[in-house]
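S.K.: I'm passing along entry.pdb; it holds PDB, C-alpha atoms and all ligand atoms.
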ATOM      1  CA  MET A  22     183.896 140.016  95.107
ATOM      2  CA  ASP A  23     181.233 138.046  97.072
ATOM      3  CA  GLU A  24     179.139 139.673  99.756
ATOM      4  CA  ALA A  25     181.103 139.867 103.003
ATOM      5  CA  LEU A  26     180.194 137.180 105.560
ATOM      6  CA  ILE A  27     181.468 139.420 108.347
ATOM      7  CA  ARG A  28     181.346 143.189 108.054
ATOM      8  CA  TYR A  29     182.465 145.465 110.922
ATOM      9  CA  LYS A  30     182.421 149.250 110.620
ATOM     10  CA  ASP A  31     183.836 151.501 113.349
ATOM     11  CA  VAL A  32     183.210 148.784 115.938
ATOM     12  CA  GLU A  33     184.150 149.099 119.603
ATOM     13  CA  ILE A  34     184.731 146.065 121.783
ATOM     14  CA  HIS A  35     184.804 146.253 125.568
ATOM     15  CA  GLN A  36     185.597 143.797 128.352
ATOM     16  CA  GLN A  37     183.659 145.213 131.288
ATOM     17  CA  GLU A  38     184.803 148.868 131.551
ATOM     18  CA  LEU A  39     187.947 148.310 129.493
ATOM     19  CA  CYS A  40     187.882 149.281 125.809
ATOM     20  CA  VAL A  41     189.805 146.395 124.211
ATOM     21  CA  LEU A  42     189.532 147.430 120.543
ATOM     22  CA  ASN A  43     188.084 150.453 118.790
ATOM     23  CA  ASP A  44     187.754 151.538 115.162
ATOM     24  CA  VAL A  45     187.482 147.919 114.047
ATOM     25  CA  ASN A  46     186.851 147.883 110.298
ATOM     26  CA  LEU A  47     186.742 144.484 108.622
ATOM     27  CA  GLU A  48     185.171 142.817 105.609
ATOM     28  CA  LEU A  49     185.768 139.092 105.498
ATOM     29  CA  HIS A  50     184.660 136.904 102.628
ATOM     30  CA  LYS A  51     183.958 133.310 101.660
ATOM     31  CA  GLY A  52     187.089 131.241 101.102
ATOM     32  CA  GLU A  53     189.444 133.592 102.944
ATOM     33  CA  PHE A  54     192.012 132.352 105.445
ATOM     34  CA  VAL A  55     192.494 135.022 108.090
ATOM     35  CA  TYR A  56     195.030 135.200 110.911
ATOM     36  CA  LEU A  57     194.589 137.367 113.999
ATOM     37  CA  ILE A  58     197.934 138.067 115.613
ATOM     38  CA  GLY A  59     199.066 140.309 118.469
ATOM     39  CA  LYS A  60     200.508 140.192 121.956
ATOM     40  CA  VAL A  61     198.861 138.476 124.911
ATOM     41  CA  GLY A  62     195.829 140.528 125.978
ATOM     42  CA  SER A  63     195.658 142.564 122.737
ATOM     43  CA  GLY A  64     192.047 141.555 122.016
ATOM     44  CA  LYS A  65     192.172 138.640 119.540
ATOM     45  CA  THR A  66     189.900 136.321 121.527
ATOM     46  CA  SER A  67     187.562 139.187 122.436
ATOM     47  CA  LEU A  68     187.109 139.959 118.729
ATOM     48  CA  LEU A  69     186.406 136.286 117.896
ATOM     49  CA  LYS A  70     183.888 136.151 120.767
ATOM     50  CA  THR A  71     181.906 139.019 119.262
ATOM     51  CA  PHE A  72     181.558 137.005 116.032
ATOM     52  CA  TYR A  73     179.521 134.312 117.810
ATOM     53  CA  GLY A  74     177.648 136.495 120.259
ATOM     54  CA  GLU A  75     179.618 135.502 123.356
ATOM     55  CA  LEU A  76     180.709 139.106 123.887
ATOM     56  CA  ASP A  77     178.510 142.086 123.011
ATOM     57  CA  VAL A  78     179.679 144.716 120.566
ATOM     58  CA  ALA A  79     179.727 148.093 122.328
ATOM     59  CA  ALA A  80     179.312 150.438 119.329
ATOM     60  CA  GLY A  81     179.488 150.644 115.527
ATOM     61  CA  ASP A  82     177.930 148.485 112.807
ATOM     62  CA  ALA A  83     178.597 144.761 113.080
ATOM     63  CA  GLU A  84     177.144 142.112 110.801
ATOM     64  CA  VAL A  85     177.866 138.382 110.949
ATOM     65  CA  LEU A  86     176.136 136.140 108.371
ATOM     66  CA  GLY A  87     173.396 138.722 108.036
ATOM     67  CA  TYR A  88     172.809 139.097 111.798
ATOM     68  CA  ASP A  89     173.092 142.599 113.247
ATOM     69  CA  MET A  90     175.362 141.902 116.230
ATOM     70  CA  LEU A  91     174.471 145.154 117.997
ATOM     71  CA  HIS A  92     170.795 144.327 118.158
ATOM     72  CA  ILE A  93     170.747 140.504 117.957
ATOM     73  CA  LYS A  94     168.268 138.955 120.388
ATOM     74  CA  ARG A  95     169.562 136.308 122.829
ATOM     75  CA  LYS A  96     167.143 133.766 121.384
ATOM     76  CA  HIS A  97     168.713 134.132 117.901
ATOM     77  CA  ILE A  98     172.271 133.427 119.061
ATOM     78  CA  PRO A  99     171.893 129.604 118.926
ATOM     79  CA  GLN A 100     170.691 129.934 115.302
ATOM     80  CA  LEU A 101     173.757 132.007 114.466
ATOM     81  CA  ARG A 102     176.086 129.531 116.221
ATOM     82  CA  ARG A 103     174.697 126.662 114.184
ATOM     83  CA  LYS A 104     176.033 128.429 111.104
ATOM     84  CA  LEU A 105     179.507 128.797 112.589
ATOM     85  CA  GLY A 106     182.182 126.218 113.318
ATOM     86  CA  ILE A 107     183.826 126.989 116.645
ATOM     87  CA  VAL A 108     187.240 125.626 117.640
ATOM     88  CA  PHE A 109     187.841 127.062 121.117
ATOM     89  CA  GLN A 110     189.446 125.813 124.320
ATOM     90  CA  ASP A 111     186.065 126.171 126.071
ATOM     91  CA  PHE A 112     184.405 123.795 123.590
ATOM     92  CA  GLN A 113     186.194 120.556 124.389
ATOM     93  CA  LEU A 114     185.052 117.048 123.432
ATOM     94  CA  LEU A 115     182.770 115.260 125.879
ATOM     95  CA  THR A 116     185.031 112.779 127.663
ATOM     96  CA  ASP A 117     182.319 110.264 128.597
ATOM     97  CA  ARG A 118     181.557 109.242 125.007
ATOM     98  CA  THR A 119     183.415 108.094 121.925
ATOM     99  CA  VAL A 120     184.481 110.279 119.028
ATOM    100  CA  TYR A 121     181.564 108.941 116.972
ATOM    101  CA  ASP A 122     179.103 109.682 119.780
ATOM    102  CA  ASN A 123     180.519 113.187 120.230
ATOM    103  CA  LEU A 124     179.848 113.888 116.572
ATOM    104  CA  GLU A 125     176.427 112.216 116.581
ATOM    105  CA  PHE A 126     175.463 114.281 119.641
ATOM    106  CA  VAL A 127     176.066 117.518 117.703
ATOM    107  CA  LEU A 128     174.213 116.326 114.606
ATOM    108  CA  ARG A 129     171.176 115.246 116.623
ATOM    109  CA  ALA A 130     171.225 118.522 118.589
ATOM    110  CA  THR A 131     171.124 120.385 115.293
ATOM    111  CA  GLY A 132     168.169 118.496 113.894
ATOM    112  CA  TRP A 133     169.610 115.429 112.110
ATOM    113  CA  LYS A 134     167.355 112.388 112.578
ATOM    114  CA  ASN A 135     168.143 109.813 109.883
ATOM    115  CA  LYS A 136     170.623 107.235 111.212
ATOM    116  CA  GLY A 137     172.111 106.467 107.780
ATOM    117  CA  GLU A 138     172.645 110.137 106.948
ATOM    118  CA  ILE A 139     174.241 110.710 110.351
ATOM    119  CA  LYS A 140     176.612 107.790 109.800
ATOM    120  CA  ASP A 141     177.583 109.006 106.319
ATOM    121  CA  ARG A 142     178.209 112.564 107.482
ATOM    122  CA  ILE A 143     180.373 111.377 110.382
ATOM    123  CA  SER A 144     182.477 109.205 108.043
ATOM    124  CA  GLU A 145     182.886 112.157 105.685
ATOM    125  CA  VAL A 146     184.164 114.557 108.348
ATOM    126  CA  LEU A 147     186.425 111.939 109.937
ATOM    127  CA  GLN A 148     187.914 111.265 106.526
ATOM    128  CA  LEU A 149     188.377 114.990 105.934
ATOM    129  CA  VAL A 150     190.494 115.309 109.083
ATOM    130  CA  GLY A 151     192.387 112.065 108.448
ATOM    131  CA  MET A 152     190.829 110.194 111.389
ATOM    132  CA  SER A 153     188.624 107.651 109.633
ATOM    133  CA  ASN A 154     189.530 104.755 111.888
ATOM    134  CA  LYS A 155     189.256 106.590 115.242
ATOM    135  CA  GLY A 156     185.486 106.857 115.656
ATOM    136  CA  TYR A 157     185.391 104.192 118.380
ATOM    137  CA  LYS A 158     188.024 105.891 120.572
ATOM    138  CA  TYR A 159     187.355 107.973 123.677
ATOM    139  CA  PRO A 160     188.910 111.472 123.674
ATOM    140  CA  ASN A 161     191.426 110.558 126.394
ATOM    141  CA  GLU A 162     192.707 107.748 124.163
ATOM    142  CA  LEU A 163     193.800 110.300 121.553
ATOM    143  CA  SER A 164     196.847 112.585 121.384
ATOM    144  CA  GLY A 165     196.390 116.370 121.645
ATOM    145  CA  GLY A 166     196.756 116.777 117.875
ATOM    146  CA  GLU A 167     194.257 113.970 117.202
ATOM    147  CA  GLN A 168     191.758 115.538 119.604
ATOM    148  CA  GLN A 169     192.170 118.852 117.816
ATOM    149  CA  ARG A 170     191.407 117.126 114.493
ATOM    150  CA  ILE A 171     188.208 115.747 115.998
ATOM    151  CA  VAL A 172     187.287 119.207 117.326
ATOM    152  CA  ILE A 173     187.733 120.489 113.761
ATOM    153  CA  ALA A 174     185.671 117.576 112.398
ATOM    154  CA  ARG A 175     182.935 118.536 114.863
ATOM    155  CA  ALA A 176     183.163 122.196 113.794
ATOM    156  CA  VAL A 177     182.621 121.360 110.108
ATOM    157  CA  LEU A 178     179.764 118.838 110.600
ATOM    158  CA  ASN A 179     177.072 121.249 109.458
ATOM    159  CA  SER A 180     179.224 122.709 106.645
ATOM    160  CA  PRO A 181     179.485 126.165 108.240
ATOM    161  CA  GLU A 182     180.341 129.169 106.116
ATOM    162  CA  VAL A 183     182.627 130.480 108.850
ATOM    163  CA  ILE A 184     185.093 128.686 111.136
ATOM    164  CA  LEU A 185     186.480 130.475 114.191
ATOM    165  CA  ALA A 186     189.572 128.926 115.757
ATOM    166  CA  ASP A 187     191.215 130.351 118.881
ATOM    167  CA  GLU A 188     194.848 129.236 118.986
ATOM    168  CA  PRO A 189     194.075 125.837 117.496
ATOM    169  CA  THR A 190     197.773 124.960 117.488
ATOM    170  CA  GLY A 191     198.503 126.384 120.959
ATOM    171  CA  ASN A 192     199.154 123.167 122.873
ATOM    172  CA  LEU A 193     200.664 121.179 120.027
ATOM    173  CA  ASP A 194     204.203 120.417 118.910
ATOM    174  CA  VAL A 195     205.439 122.383 115.892
ATOM    175  CA  GLU A 196     204.845 119.651 113.326
ATOM    176  CA  THR A 197     201.313 118.868 114.510
ATOM    177  CA  GLY A 198     200.569 122.609 114.607
ATOM    178  CA  PHE A 199     201.557 122.826 110.949
ATOM    179  CA  ALA A 200     199.345 119.856 110.064
ATOM    180  CA  ILE A 201     196.338 121.384 111.853
ATOM    181  CA  THR A 202     196.876 124.720 110.087
ATOM    182  CA  GLN A 203     197.186 122.926 106.764
ATOM    183  CA  LEU A 204     193.859 121.220 107.458
ATOM    184  CA  LEU A 205     192.147 124.546 108.258
ATOM    185  CA  HIS A 206     193.767 126.094 105.181
ATOM    186  CA  SER A 207     192.371 123.327 102.973
ATOM    187  CA  ILE A 208     188.912 123.895 104.508
ATOM    188  CA  SER A 209     189.129 127.571 103.508
ATOM    189  CA  GLU A 210     190.197 126.566  99.997
ATOM    190  CA  ALA A 211     187.012 124.498  99.801
ATOM    191  CA  GLY A 212     185.017 127.721 100.355
ATOM    192  CA  SER A 213     184.664 128.462 104.084
ATOM    193  CA  LEU A 214     185.922 131.641 105.718
ATOM    194  CA  VAL A 215     188.440 130.494 108.356
ATOM    195  CA  ILE A 216     189.635 132.891 111.060
ATOM    196  CA  MET A 217     192.314 131.767 113.491
ATOM    197  CA  THR A 218     194.344 133.435 116.214
ATOM    198  CA  THR A 219     197.965 132.450 116.617
ATOM    199  CA  HIS A 220     201.240 133.390 118.251
ATOM    200  CA  ASN A 221     203.183 131.239 115.791
ATOM    201  CA  MET A 222     204.534 133.519 113.061
ATOM    202  CA  GLN A 223     206.048 130.605 111.128
ATOM    203  CA  LEU A 224     202.559 129.498 110.149
ATOM    204  CA  LEU A 225     201.974 132.805 108.352
ATOM    205  CA  TRP A 226     204.779 132.104 105.920
ATOM    206  CA  GLU A 227     203.920 128.468 105.398
ATOM    207  CA  TYR A 228     200.167 128.914 104.866
ATOM    208  CA  PRO A 229     199.641 132.455 103.602
ATOM    209  CA  GLY A 230     196.431 134.307 104.341
ATOM    210  CA  ARG A 231     195.131 137.697 105.309
ATOM    211  CA  VAL A 232     196.836 138.907 108.499
ATOM    212  CA  TYR A 233     195.378 141.336 111.035
ATOM    213  CA  ARG A 234     197.386 142.532 114.007
ATOM    214  CA  CYS A 235     195.774 143.701 117.263
ATOM    215  CA  ALA A 236     197.880 146.283 119.110
ATOM    216  CA  ASP A 237     197.234 149.450 121.094
ATOM    217  CA  HIS A 238     193.457 148.908 120.941
ATOM    218  CA  LEU A 239     193.485 148.902 117.145
ATOM    219  CA  ILE A 240     193.392 146.207 114.496
ATOM    220  CA  THR A 241     195.445 146.667 111.341
ATOM    221  CA  ASP A 242     195.724 144.686 108.122
ATOM    222  CA  VAL A 243     199.423 143.740 107.973
ATOM    223  CA  THR A 244     199.155 141.108 105.228
ATOM    224  CA  GLU A 245     201.795 142.878 103.126
ATOM    225  CA  GLN A 246     204.417 142.355 105.826
ATOM    226  CA  TYR A 247     203.957 138.601 105.588
ATOM    227  CA  SER A 248     203.810 138.230 101.824
ATOM    228  CA  VAL A 249     206.535 136.376  99.961
ATOM    229  CA  ALA A 250     207.102 139.472  97.799
ATOM    230  CA  SER A 251     207.906 141.644 100.828
ATOM    231  CA  SER A 252     210.316 139.027 102.201
ATOM    232  CA  ILE A 253     212.163 138.972  98.837
ATOM    233  CA  GLU A 254     212.325 142.787  98.816
ATOM    234  CA  GLU A 255     213.833 142.746 102.312
ATOM    235  CA  LYS A 256     216.564 140.410 101.097
TER     236      LYS A 256
HETATM  237  N1  LIG B 301     186.132 137.760 130.849
HETATM  238  C1  LIG B 301     186.867 138.884 130.925
HETATM  239  N2  LIG B 301     186.566 139.833 131.852
HETATM  240  C2  LIG B 301     187.285 140.977 131.920
HETATM  241  N3  LIG B 301     188.338 141.264 131.134
HETATM  242  C3  LIG B 301     188.677 140.356 130.222
HETATM  243  C4  LIG B 301     187.969 139.110 130.066
HETATM  244  N4  LIG B 301     188.544 138.401 129.076
HETATM  245  C5  LIG B 301     189.583 139.165 128.622
HETATM  246  N5  LIG B 301     189.668 140.319 129.311
HETATM  247  C6  LIG B 301     190.653 141.398 129.080
HETATM  248  O1  LIG B 301     190.491 141.903 127.770
HETATM  249  C7  LIG B 301     191.753 142.140 127.150
HETATM  250  C8  LIG B 301     191.872 141.359 125.849
HETATM  251  O2  LIG B 301     191.886 139.956 126.145
HETATM  252  P1  LIG B 301     191.826 138.838 125.008
HETATM  253  O3  LIG B 301     191.600 137.532 125.690
HETATM  254  O4  LIG B 301     190.876 139.265 123.970
HETATM  255  O5  LIG B 301     193.322 138.937 124.436
HETATM  256  P2  LIG B 301     194.097 137.983 123.442
HETATM  257  O6  LIG B 301     194.747 138.875 122.432
HETATM  258  O7  LIG B 301     193.194 136.936 122.905
HETATM  259  O8  LIG B 301     195.190 137.349 124.376
HETATM  260  P3  LIG B 301     195.920 135.882 124.343
HETATM  261  O9  LIG B 301     196.958 135.976 123.272
HETATM  262  O10 LIG B 301     196.493 135.760 125.706
HETATM  263  O11 LIG B 301     194.856 134.865 124.085
HETATM  264  C9  LIG B 301     192.811 141.792 128.189
HETATM  265  O12 LIG B 301     193.210 142.980 128.830
HETATM  266  C10 LIG B 301     192.074 140.872 129.128
HETATM  267  O13 LIG B 301     192.609 140.982 130.443
END
Just give me the structure as structure tokens.
Ligand SMILES: Nc1ncnc2c1ncn2[C@@H]1O[C@H](COP(=O)(O)OP(=O)(O)OP(=O)(O)O)[C@@H](O)[C@H]1O

M.R.:
Amino acid sequence: MDEALIRYKDVEIHQQELCVLNDVNLELHKGEFVYLIGKVGSGKTSLLKTFYGELDVAAGDAEVLGYDMLHIKRKHIPQLRRKLGIVFQDFQLLTDRTVYDNLEFVLRATGWKNKGEIKDRISEVLQLVGMSNKGYKYPNELSGGEQQRIVIARAVLNSPEVILADEPTGNLDVETGFAITQLLHSISEAGSLVIMTTHNMQLLWEYPGRVYRCADHLITDVTEQYSVASSIEEK
């Protein structure tokens, strides 16, 4: 198998004095689609935040895209984040500019200069998320599901190897939630590692992937429980 893009060994994650997760052991690879499930407050978001350097790792060995997350310097975190696609509630679209300008803003901030190349890349990502004709719209002229597609388009602009999505279907109706998950699933099939948190168990059956459950300060691989084979055995 390929080298792991994320490798955690005996990792501990704290929120202030509270130990949220310990004994975290993970190896996540290119092209995998990974769900993080677990009750409210079980540590899913905290784990995702350690992947992009928003929350420090307290102990263990933690490697993300070759960066040692225990010893990473603050000044290297922006470099790491440029290699990740982040779909989080805290990273909303800028409301004072159009979809196109939101996307152009990110490309320019990450070093793109050529106007033609910028235009081509924006059309590609808008096409990928099925929003080709919406570039001229302002975010508040789009539905929640459409905005989420644009957030995903923004996350994939620089072809990241890893996409982190925190409850990307949280505020959406069931059907739109399925469509967004299908989109993320297809992005993983094209080669990215996609990691998403969810409370919607239906998605796990519809779009199978690796499943980790956070509970009692531990994270466990429970993929088997959500495989088609195990559901047939149960019947
Ligand atoms: N900024 C913070 N400061 C202090 N404690 C925090 C902070 N953020 C989260 N926590 C605590 O850390 C624990 C794990 O929270 P986390 O947000 O990772 O859970 P979660 O599984 O993502 O929950 P949800 O399903 O509600 O999103 C909780 O006990 C929470 O209260």

S.K.: Check the smallest atom-to-atom distance from each of A:Val232, A:Tyr73, A:Tyr121, A:His50 to Arg95 in chain A using only C-alpha atoms, then report the winner.

M.R.: A:Tyr73

S.K.: Compile a residue-level contact table for chain A against ligand LIG 301 (chain B) at a cut-off of 6 Å, reporting for every qualifying residue the shortest atom pair and its distance in Å to one decimal, with all atoms listed in the file counted, rows ordered by chain and ascending number, as a tab-separated table.

M.R.:
residue	atom	partner	partner_atom	distance
A:Gln36	CA	B:LIG301	N3	4.7
A:Gln37	CA	B:LIG301	C2	5.6
A:Val41	CA	B:LIG301	C7	5.5
A:Lys60	CA	B:LIG301	O9	5.7
A:Val61	CA	B:LIG301	O9	3.5
A:Gly62	CA	B:LIG301	O5	3.3
A:Ser63	CA	B:LIG301	O6	3.8
A:Gly64	CA	B:LIG301	O4	3.2
A:Lys65	CA	B:LIG301	O6	3.9
A:Thr66	CA	B:LIG301	O7	3.6
A:Ser67	CA	B:LIG301	O4	3.7

S.K.: In the coordinates of the file, take the point (182.2, 140.3, 114.3) and a cut-off of 9 Å; then, counting only C-alpha atoms, name each qualifying protein, DNA or RNA residue as a PyMOL selection string.

M.R.: chain A and resi 27-29+32+47+68-74+78+83-85+90

S.K.: CA of Gly230 in chain A and CA of Ser213 in chain A, how far apart in Å?

M.R.: 13.1 Å

S.K.: Please measure the separation of CA of Glu38 in chain A and CA of Ile240 in chain A, giving the value in Å to one decimal.

M.R.: 19.3 Å

S.K.: Select from range 44-146 of chain A every residue with an atom at most 6 Å from any atom of range 183-196 of chain A, then for each give the shortest pair of atoms and their distance in Å to one decimal, using only C-alpha atoms, rows by chain and rising number, as CSV.

M.R.:
residue,atom,partner,partner_atom,distance
A:Leu105,CA,A:Val183,CA,5.2
A:Gly106,CA,A:Ile184,CA,4.4
A:Ile107,CA,A:Leu185,CA,5.0
A:Val108,CA,A:Ala186,CA,4.5
A:Phe109,CA,A:Asp187,CA,5.2

S.K.: Kindly give the distance, in Å, that separates CA of Val120 in chain A and CA of Lys134 in chain A, rounded to a single decimal.

M.R.: 18.4 Å

S.K.: Compile the contact shell of Ala176 in chain A as a tab-separated table (two decimals) with C-alpha atoms, in the frame of the given file: residues with an atom at most 12 Å away, counting all atoms listed in the file, same-chain residues fewer than 3 positions apart removed.

M.R.:
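As a result, result-v8.tsv now contains:
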chain	number	residue	atom	x	y	z
A	102	ARG	CA	176.09	129.53	116.22
A	103	ARG	CA	174.70	126.66	114.18
A	104	LYS	CA	176.03	128.43	111.10
A	105	LEU	CA	179.51	128.80	112.59
A	106	GLY	CA	182.18	126.22	113.32
A	107	ILE	CA	183.83	126.99	116.64
A	108	VAL	CA	187.24	125.63	117.64
A	109	PHE	CA	187.84	127.06	121.12
A	112	PHE	CA	184.40	123.80	123.59
A	113	GLN	CA	186.19	120.56	124.39
A	114	LEU	CA	185.05	117.05	123.43
A	123	ASN	CA	180.52	113.19	120.23
A	124	LEU	CA	179.85	113.89	116.57
A	127	VAL	CA	176.07	117.52	117.70
A	128	LEU	CA	174.21	116.33	114.61
A	143	ILE	CA	180.37	111.38	110.38
A	146	VAL	CA	184.16	114.56	108.35
A	147	LEU	CA	186.42	111.94	109.94
A	149	LEU	CA	188.38	114.99	105.93
A	150	VAL	CA	190.49	115.31	109.08
A	169	GLN	CA	192.17	118.85	117.82
A	170	ARG	CA	191.41	117.13	114.49
A	171	ILE	CA	188.21	115.75	116.00
A	172	VAL	CA	187.29	119.21	117.33
A	173	ILE	CA	187.73	120.49	113.76
A	179	ASN	CA	177.07	121.25	109.46
A	180	SER	CA	179.22	122.71	106.64
A	181	PRO	CA	179.48	126.16	108.24
A	182	GLU	CA	180.34	129.17	106.12
A	183	VAL	CA	182.63	130.48	108.85
A	184	ILE	CA	185.09	128.69	111.14
A	185	LEU	CA	186.48	130.48	114.19
A	186	ALA	CA	189.57	128.93	115.76
A	205	LEU	CA	192.15	124.55	108.26
A	208	ILE	CA	188.91	123.90	104.51
A	213	SER	CA	184.66	128.46	104.08
A	215	VAL	CA	188.44	130.49	108.36

S.K.: Can you translate the PyMOL selection byres (((chain A and resi 239) around 9) and not hetatm) into the concrete residues it hits in this file, as a PyMOL selection string?

M.R.: chain A and resi 41-45+63-64+234-238+240-241

S.K.: Just the residues within 9 Å of Tyr228 in chain A, please, counting only C-alpha atoms, with nothing from its chain fewer than 6 positions along; format it as a ChimeraX atom specification.

M.R.: /A:54,199,202-203,206

S.K.: Restricting the calculation to all atoms listed in the file: of A:Leu115, A:Ile201, A:Ile58, A:Ile34, which residue gets closest to Asp82 in chain A?

M.R.: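 Closest residue, counting all atoms listed in the file: A:Ile34.
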
S.K.: Kindly indicate which residue among A:Lys30, A:Lys96, A:His220, A:Arg118 lies nearest to Gly81 in chain A, using only C-alpha atoms for the distances.

M.R.: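 Among the listed residues, the smallest separation from Gly81 in chain A belongs to A:Lys30.
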
S.K.: Taking the point (192.4, 132.2, 104.0) as given in the file, collect each protein or nucleic acid residue that comes within 8 Å of it, counting all atoms listed in the file, and present the set as a list in words.

M.R.: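 These residues have at least one counted atom within 8 Å: Gly52, Glu53, Phe54, Val55, Tyr56, His206, Ser209, Glu210, Leu214, Val215, Ile216, Pro229, Gly230 and Arg231 of chain A.
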
S.K.: Which residues would end up in the selection if the PyMOL selection byres (((chain A and resi 154-157) around 7) and not hetatm) were applied here, given that I need the answer as a list in words?

M.R.: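 Here the PyMOL selection byres (((chain A and resi 154-157) around 7) and not hetatm) matches Thr119, Val120, Tyr121, Met152, Ser153, Lys158 and Tyr159 of chain A.
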
S.K.: Could you give me the centre and size, in Å to one decimal, of an axis-aligned box around all listed atoms of range 158-175 of chain A with 6 Å added on every side, as JSON?

M.R.:
{"center_x": 189.9, "center_y": 113.2, "center_z": 119.4, "size_x": 25.9, "size_y": 26.6, "size_z": 26.0}

S.K.: Hey, which of A:Leu86, A:Ala25, A:Ala174, A:Leu57 ends up closest to Leu224 in chain A? Count all atoms listed in the file.

M.R.: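 Of A:Leu86, A:Ala25, A:Ala174, A:Leu57, the one nearest Leu224 in chain A is A:Leu57, counting all atoms listed in the file.
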
S.K.: Take range 120-135 of chain A, model N, CA and C atoms, and hand the result over as a compact mmCIF listing (two decimals), in the frame of the given file.

M.R.:
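Output file result.txt follows:
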# COMPACT_ATOMS: atom_id res chain seq x y z
N VAL A 120 184.41 109.27 120.08
CA VAL A 120 184.48 110.28 119.03
C VAL A 120 183.19 110.26 118.21
N TYR A 121 182.78 109.05 117.78
CA TYR A 121 181.56 108.94 116.97
C TYR A 121 180.38 109.55 117.72
N ASP A 122 180.25 109.20 119.01
CA ASP A 122 179.10 109.68 119.78
C ASP A 122 179.16 111.19 120.01
N ASN A 123 180.38 111.73 120.14
CA ASN A 123 180.52 113.19 120.23
C ASN A 123 179.95 113.86 118.98
N LEU A 124 180.28 113.29 117.83
CA LEU A 124 179.85 113.89 116.57
C LEU A 124 178.34 113.69 116.37
N GLU A 125 177.86 112.50 116.72
CA GLU A 125 176.43 112.22 116.58
C GLU A 125 175.60 113.15 117.48
N PHE A 126 176.14 113.41 118.68
CA PHE A 126 175.46 114.28 119.64
C PHE A 126 175.19 115.65 119.01
N VAL A 127 176.21 116.19 118.32
CA VAL A 127 176.07 117.52 117.70
C VAL A 127 175.05 117.46 116.56
N LEU A 128 175.15 116.41 115.74
CA LEU A 128 174.21 116.33 114.61
C LEU A 128 172.77 116.24 115.11
N ARG A 129 172.55 115.39 116.11
CA ARG A 129 171.18 115.25 116.62
C ARG A 129 170.69 116.56 117.24
N ALA A 130 171.61 117.24 117.96
CA ALA A 130 171.22 118.52 118.59
C ALA A 130 170.90 119.59 117.55
N THR A 131 171.39 119.38 116.32
CA THR A 131 171.12 120.38 115.29
C THR A 131 170.11 119.86 114.26
N GLY A 132 169.34 118.88 114.68
CA GLY A 132 168.17 118.50 113.89
C GLY A 132 168.30 117.28 112.98
N TRP A 133 169.47 116.62 112.96
CA TRP A 133 169.61 115.43 112.11
C TRP A 133 168.89 114.25 112.77
N LYS A 134 168.12 113.49 111.98
CA LYS A 134 167.36 112.39 112.58
C LYS A 134 167.66 111.04 111.93
N ASN A 135 167.97 111.05 110.62
CA ASN A 135 168.14 109.81 109.88
C ASN A 135 169.50 109.15 110.20
